$ cat target.tsv   # TSV, C-alpha atoms and all ligand atoms
chain	number	residue	atom	x	y	z
A	1	MET	CA	-9.84	2.47	-15.96
A	2	LEU	CA	-8.10	0.24	-13.48
A	3	ARG	CA	-8.84	-1.04	-9.99
A	4	MET	CA	-5.55	-1.94	-8.52
A	5	LEU	CA	-3.31	-2.09	-5.49
A	6	ILE	CA	0.36	-1.99	-4.68
A	7	ILE	CA	2.19	-4.23	-2.21
A	8	GLY	CA	5.76	-3.95	-1.00
A	9	PRO	CA	7.95	-3.96	2.10
A	10	PRO	CA	8.54	-0.77	4.10
A	11	GLY	CA	11.13	1.43	2.38
A	12	CYS	CA	10.67	-0.05	-1.11
A	13	GLY	CA	9.29	3.22	-2.46
A	14	LYS	CA	5.73	1.99	-2.68
A	15	GLY	CA	4.18	5.29	-1.50
A	16	THR	CA	6.12	7.40	-4.02
A	17	GLN	CA	5.36	5.03	-6.89
A	18	ALA	CA	1.70	4.81	-5.89
A	19	ASP	CA	1.38	8.63	-6.01
A	20	ARG	CA	3.04	8.85	-9.41
A	21	LEU	CA	1.05	5.93	-10.82
A	22	SER	CA	-2.35	7.17	-9.68
A	23	ARG	CA	-1.64	10.61	-11.21
A	24	HIS	CA	-0.36	9.10	-14.45
A	25	LEU	CA	-3.32	6.74	-14.78
A	26	GLY	CA	-5.88	9.34	-13.67
A	27	ILE	CA	-7.26	7.22	-10.85
A	28	THR	CA	-7.72	7.99	-7.16
A	29	GLY	CA	-4.92	6.89	-4.85
A	30	VAL	CA	-5.82	5.67	-1.38
A	31	SER	CA	-2.94	5.12	1.06
A	32	THR	CA	-4.08	3.57	4.33
A	33	GLY	CA	-0.83	4.69	6.02
A	34	ASP	CA	-1.45	8.31	4.92
A	35	VAL	CA	-5.07	8.21	6.07
A	36	PHE	CA	-4.03	6.88	9.49
A	37	ARG	CA	-1.21	9.45	9.81
A	38	GLU	CA	-3.63	12.25	8.93
A	39	HIS	CA	-6.02	11.07	11.67
A	40	VAL	CA	-3.17	10.94	14.19
A	41	LYS	CA	-2.08	14.46	13.23
A	42	ASN	CA	-5.61	15.83	13.52
A	43	LEU	CA	-6.18	14.09	16.87
A	44	THR	CA	-9.42	12.46	15.69
A	45	PRO	CA	-10.95	9.57	17.67
A	46	LEU	CA	-9.62	7.11	15.06
A	47	GLY	CA	-6.23	8.83	15.29
A	48	ARG	CA	-6.16	8.29	19.05
A	49	ASP	CA	-7.04	4.61	18.57
A	50	VAL	CA	-4.34	3.92	15.98
A	51	LYS	CA	-1.40	6.06	17.21
A	52	ALA	CA	0.28	3.42	19.39
A	53	HIS	CA	0.02	0.81	16.62
A	54	LEU	CA	1.65	3.13	14.09
A	55	ASP	CA	4.41	4.22	16.47
A	56	GLY	CA	5.25	0.59	17.29
A	57	GLY	CA	5.20	-0.50	13.64
A	58	ASP	CA	2.31	-2.85	14.38
A	59	LEU	CA	-0.68	-3.39	12.17
A	60	VAL	CA	-3.76	-1.42	13.13
A	61	PRO	CA	-6.43	-3.97	14.17
A	62	ASP	CA	-8.38	-5.35	11.21
A	63	GLY	CA	-11.74	-4.08	12.46
A	64	LEU	CA	-10.63	-0.43	12.42
A	65	THR	CA	-8.71	-0.80	9.17
A	66	ASN	CA	-11.47	-2.59	7.29
A	67	ARG	CA	-14.09	-0.06	8.40
A	68	MET	CA	-11.91	2.84	7.30
A	69	VAL	CA	-11.30	1.26	3.86
A	70	ARG	CA	-14.97	0.36	3.41
A	71	ASP	CA	-15.98	4.00	4.07
A	72	ARG	CA	-13.32	5.19	1.66
A	73	LEU	CA	-14.37	2.83	-1.13
A	74	ASP	CA	-17.95	4.05	-0.72
A	75	GLN	CA	-17.01	7.50	-1.96
A	76	ASP	CA	-17.65	8.74	-5.48
A	77	ASP	CA	-14.06	9.43	-6.49
A	78	VAL	CA	-13.12	5.73	-6.53
A	79	ARG	CA	-16.00	4.66	-8.75
A	80	ASP	CA	-13.91	4.96	-11.91
A	81	GLY	CA	-10.83	3.21	-10.64
A	82	PHE	CA	-8.47	3.37	-7.69
A	83	LEU	CA	-5.01	2.48	-6.51
A	84	LEU	CA	-4.88	1.11	-2.99
A	85	ASP	CA	-1.54	1.51	-1.22
A	86	GLY	CA	-1.07	-0.45	2.01
A	87	TYR	CA	-4.19	-2.60	1.93
A	88	PRO	CA	-4.77	-5.50	2.22
A	89	ARG	CA	-1.84	-6.26	4.51
A	90	ASN	CA	-2.90	-9.72	5.67
A	91	THR	CA	-5.09	-12.51	4.29
A	92	SER	CA	-8.06	-11.61	6.44
A	93	GLN	CA	-8.06	-8.06	5.02
A	94	LEU	CA	-7.80	-9.64	1.56
A	95	ALA	CA	-11.00	-11.62	2.19
A	96	GLU	CA	-12.66	-8.44	3.47
A	97	LEU	CA	-11.66	-6.51	0.35
A	98	ASP	CA	-13.13	-9.28	-1.81
A	99	THR	CA	-16.40	-8.93	0.09
A	100	MET	CA	-16.43	-5.12	-0.21
A	101	LEU	CA	-15.78	-5.18	-3.95
A	102	THR	CA	-18.32	-7.91	-4.62
A	103	ALA	CA	-20.93	-5.89	-2.72
A	104	ILE	CA	-20.46	-2.95	-5.10
A	105	GLY	CA	-20.20	-5.15	-8.19
A	106	GLN	CA	-16.50	-4.57	-8.72
A	107	SER	CA	-13.35	-6.66	-8.83
A	108	LEU	CA	-9.64	-6.08	-8.74
A	109	ASP	CA	-7.80	-5.90	-12.07
A	110	VAL	CA	-4.24	-6.12	-10.87
A	111	ALA	CA	-1.99	-6.29	-7.80
A	112	LEU	CA	1.47	-4.79	-8.22
A	113	GLN	CA	4.30	-6.03	-6.03
A	114	LEU	CA	7.58	-4.20	-5.50
A	115	THR	CA	10.44	-6.41	-4.39
A	116	ALA	CA	13.60	-5.32	-2.57
A	117	ASP	CA	16.44	-6.59	-0.41
A	118	ASP	CA	16.39	-6.10	3.36
A	119	THR	CA	19.72	-4.34	3.86
A	120	GLU	CA	18.84	-1.72	1.29
A	121	LEU	CA	15.36	-1.31	2.80
A	122	VAL	CA	16.68	-0.60	6.29
A	123	ARG	CA	19.20	1.86	4.83
A	124	ARG	CA	16.50	3.68	2.87
A	125	VAL	CA	14.08	3.91	5.76
A	126	LEU	CA	16.75	5.23	8.14
A	127	GLN	CA	17.65	7.85	5.54
A	128	ARG	CA	13.97	8.79	5.17
A	129	ALA	CA	13.72	9.14	8.96
A	130	THR	CA	16.11	12.09	8.89
A	131	LEU	CA	13.87	13.82	6.32
A	132	THR	CA	10.33	13.05	7.48
A	133	GLY	CA	10.69	12.39	11.18
A	134	ARG	CA	8.15	9.58	10.90
A	135	SER	CA	7.75	8.11	14.37
A	136	ASP	CA	7.96	4.53	13.03
A	137	ASP	CA	11.25	5.03	11.15
A	138	THR	CA	13.71	3.84	13.80
A	139	GLU	CA	15.89	0.77	13.24
A	140	ASP	CA	14.11	-1.55	15.70
A	141	VAL	CA	10.68	-0.55	14.43
A	142	ILE	CA	11.73	-0.96	10.78
A	143	ARG	CA	13.02	-4.48	11.45
A	144	HIS	CA	9.74	-5.26	13.18
A	145	ARG	CA	7.74	-3.86	10.22
A	146	LEU	CA	9.85	-5.94	7.83
A	147	ARG	CA	9.20	-9.13	9.83
A	148	LEU	CA	5.48	-8.34	9.82
A	149	TYR	CA	5.62	-7.76	6.08
A	150	TYR	CA	7.12	-11.20	5.39
A	151	ARG	CA	4.82	-12.95	7.82
A	152	GLU	CA	1.53	-11.18	7.10
A	153	THR	CA	1.71	-9.47	3.71
A	154	GLU	CA	3.76	-11.84	1.52
A	155	PRO	CA	0.94	-14.40	1.74
A	156	VAL	CA	-1.36	-11.72	0.28
A	157	ALA	CA	0.94	-11.39	-2.74
A	158	ALA	CA	1.01	-15.19	-3.04
A	159	MET	CA	-2.79	-15.33	-3.13
A	160	TYR	CA	-3.01	-12.70	-5.87
A	161	SER	CA	-0.32	-14.58	-7.74
A	162	ALA	CA	-2.39	-17.77	-7.52
A	163	ARG	CA	-5.31	-15.78	-8.98
A	164	GLY	CA	-3.10	-14.72	-11.87
A	165	ILE	CA	-3.37	-10.97	-11.19
A	166	LEU	CA	0.04	-10.28	-9.57
A	167	LEU	CA	2.67	-8.26	-11.43
A	168	SER	CA	6.06	-8.14	-9.69
A	169	VAL	CA	8.65	-5.47	-10.35
A	170	ASP	CA	12.13	-5.03	-8.85
A	171	GLY	CA	11.98	-1.93	-6.63
A	172	MET	CA	15.74	-1.48	-6.28
A	173	GLY	CA	16.40	0.81	-9.25
A	174	SER	CA	16.10	4.60	-9.27
A	175	GLU	CA	12.67	6.13	-8.78
A	176	ASP	CA	12.33	6.77	-12.53
A	177	GLU	CA	13.55	3.28	-13.49
A	178	VAL	CA	11.07	1.61	-11.16
A	179	PHE	CA	8.26	3.84	-12.42
A	180	ASP	CA	9.07	2.99	-16.05
A	181	GLN	CA	9.15	-0.73	-15.23
A	182	LEU	CA	5.80	-0.51	-13.48
A	183	LEU	CA	4.25	1.27	-16.46
A	184	ALA	CA	5.78	-1.26	-18.87
A	185	ALA	CA	4.45	-4.19	-16.84
A	186	LEU	CA	0.98	-2.63	-16.68
A	187	ARG	CA	1.00	-1.74	-20.36
A	188	GLU	CA	1.65	-5.34	-21.32
A	189	SER	CA	-1.53	-6.48	-19.60
A	190	PHE	CA	-3.68	-3.35	-20.04
A	191	PRO	CA	-2.47	-1.53	-23.16
A	192	SER	CA	-5.42	0.83	-23.44
A	193	ALA	CA	-5.45	1.85	-19.74
A	194	VAL	CA	-1.86	3.14	-19.66
A	195	PRO	CA	-1.07	6.45	-21.39
A	196	ASP	CA	2.50	7.23	-22.60
B	201	LIG	P1	5.18	1.23	5.24
B	201	LIG	O1	4.75	0.49	4.03
B	201	LIG	O2	6.47	1.96	5.06
B	201	LIG	O3	5.17	0.39	6.50
B	201	LIG	P2	2.58	2.63	5.39
B	201	LIG	O4	2.40	4.10	5.26
B	201	LIG	O5	1.99	1.77	4.33
B	201	LIG	O6	4.16	2.43	5.52
B	201	LIG	O7	1.98	2.14	6.81
B	201	LIG	C1	2.35	2.75	8.02
B	201	LIG	C2	1.62	2.11	9.18
B	201	LIG	O8	0.20	2.31	9.04
B	201	LIG	C3	1.78	0.60	9.34
B	201	LIG	O9	2.98	0.24	10.01
B	201	LIG	C4	0.53	0.26	10.17
B	201	LIG	O10	0.69	0.64	11.53
B	201	LIG	C5	-0.52	1.19	9.56
B	201	LIG	N1	-1.26	0.55	8.44
B	201	LIG	C6	-1.30	0.96	7.15
B	201	LIG	N2	-2.07	0.14	6.41
B	201	LIG	C7	-2.53	-0.82	7.24
B	201	LIG	C8	-3.35	-1.97	7.07
B	201	LIG	N3	-3.86	-2.30	5.88
B	201	LIG	N4	-3.63	-2.73	8.16
B	201	LIG	C9	-3.12	-2.41	9.36
B	201	LIG	N5	-2.33	-1.37	9.58
B	201	LIG	C10	-2.02	-0.57	8.55
$ encode --input "target.tsv" --output "structure tokens" --more "lines below"
Ligand code: ADP
Amino acid sequence: MLRMLIIGPPGCGKGTQADRLSRHLGITGVSTGDVFREHVKNLTPLGRDVKAHLDGGDLVPDGLTNRMVRDRLDQDDVRDGFLLDGYPRNTSQLAELDTMLTAIGQSLDVALQLTADDTELVRRVLQRATLTGRSDDTEDVIRHRLRLYYRETEPVAAMYSARGILLSVDGMGSEDEVFDQLLAALRESFPSAVPD
């Protein structure tokens, strides 16, 4: 049973790998981007509040994001492990996650980081845009999201690295190669938690 999260720049394949990993490991996946997009689609009050931030590639304000994650981590299906995708995205969210987990007597086992180069990322996201029609997959917005990632989210990875719980994997291979590397990295640290 693992409590973990995955960090990576837009377009690195983090969402796809997170889905595969949570299924393989038998833990609940929680993607903050997916939850926000679902709210926008369903025109909920939260959806109305976050839509402009998503469309502009900006971070949703911490207050809204932290509350949403706290409610989610209160539910039963994350009691036996979870994989957070997209949170924390800045150091203040990291501190908030620490507080939430301490309050329920839990702690994080591992933070996975996917690395990638910028040119390839922009190419991948533009390609995805033709398939998904995501409103934040235009070139200007991607470059903005990338800048935000380096400014706000890389320091999160650095803090987990300083705690000794960061595992970094190169995200530039094929989907299967990256998945295998992630499993191999996890297996080294948590042999009994990772099935074949
Ligand atoms: P990507 O990693 O490709 O940017 P995500 O699905 O993780 O895609 O996130 C999409 C958008 O959802 C972000 O650009 C942001 O607007 C919002 N979002 C997701 N997670 C967070 C978070 N932890 N804090 C603030 N905003 C978030």
$ closest_residue --input "target.tsv" --among "A:Asp55, A:Met100, A:Arg23, A:Gln181" --to "A:Asp71" --atoms "all atoms listed in the file"
A:Met100
$ residues_near_ligand --input "target.tsv" --ligand "ligand LIG 201 (chain B)" --cutoff "6 Å" --atoms "only C-alpha atoms and all ligand atoms" --output "number ranges by chain"
A: 9-11, 32-34, 53-54, 57-60, 65, 86-89
$ residues_near_point --input "target.tsv" --point "(-8.2, -1.5, 19.2)" --cutoff "8 Å" --atoms "only C-alpha atoms" --output "list in words"
Asp49, Val50, Val60, Pro61 and Leu64 of chain A
$ residues_around --input "target.tsv" --residues "A:Ile27" --least-positions-apart "5" --cutoff "8 Å" --atoms "only C-alpha atoms" --output "VMD selection string"
chain A and resid 1 to 2 22 78 80 to 83
$ residues_around --input "target.tsv" --residues "A:Glu152" --least-positions-apart "4" --cutoff "9 Å" --atoms "all atoms listed in the file" --output "MDAnalysis selection string"
chainID A and resid 89:91 147:148 156
$ residues_near_point --input "target.tsv" --point "(1.5, 8.3, 18.9)" --cutoff "12 Å" --atoms "all atoms listed in the file" --output "list in words"
Phe36, Arg37, Glu38, His39, Val40, Lys41, Asn42, Leu43, Leu46, Gly47, Arg48, Asp49, Val50, Lys51, Ala52, His53, Leu54, Asp55, Gly56, Gly57, Arg134, Ser135 and Asp136 of chain A
$ atom_distance --input "target.tsv" --atom1 "atom CA of A:Thr16" --atom2 "atom CA of A:Thr102"
28.8 Å
$ atom_distance --input "target.tsv" --atom1 "atom CA of A:Gly15" --atom2 "atom CA of A:Gln106"
24.0 Å
$ closest_residue --input "target.tsv" --among "A:Asp170, A:Ala158, A:Ser107, A:Leu146" --to "A:Val125" --atoms "all atoms listed in the file"
A:Leu146
$ atom_distance --input "target.tsv" --atom1 "atom CA of A:Leu114" --atom2 "atom CA of A:Met172"
8.6 Å
$ closest_residue --input "target.tsv" --among "A:Leu182, A:Ile142, A:Met68, A:Val122" --to "A:Lys14" --atoms "all atoms listed in the file"
A:Leu182
$ residues_around --input "target.tsv" --residues "A:Asp109" --least-positions-apart "3" --cutoff "7 Å" --atoms "all atoms listed in the file" --output "number ranges by chain"
A: 2-4, 165
$ write_last_selection --input "target.tsv" --atoms "C-alpha atoms" --output "tab-separated table (two decimals), keeping the file's coordinate frame"
chain	number	residue	atom	x	y	z
A	2	LEU	CA	-8.10	0.24	-13.48
A	3	ARG	CA	-8.84	-1.04	-9.99
A	4	MET	CA	-5.55	-1.94	-8.52
A	165	ILE	CA	-3.37	-10.97	-11.19
$ closest_residue --input "target.tsv" --among "A:Glu154, A:Arg163, A:Gln127, A:Pro45" --to "A:Leu108" --atoms "all atoms listed in the file"
A:Arg163
$ closest_residue --input "target.tsv" --among "A:Gly29, A:Val110, A:Leu183, A:Gln17" --to "A:Asp196" --atoms "all atoms listed in the file"
A:Leu183
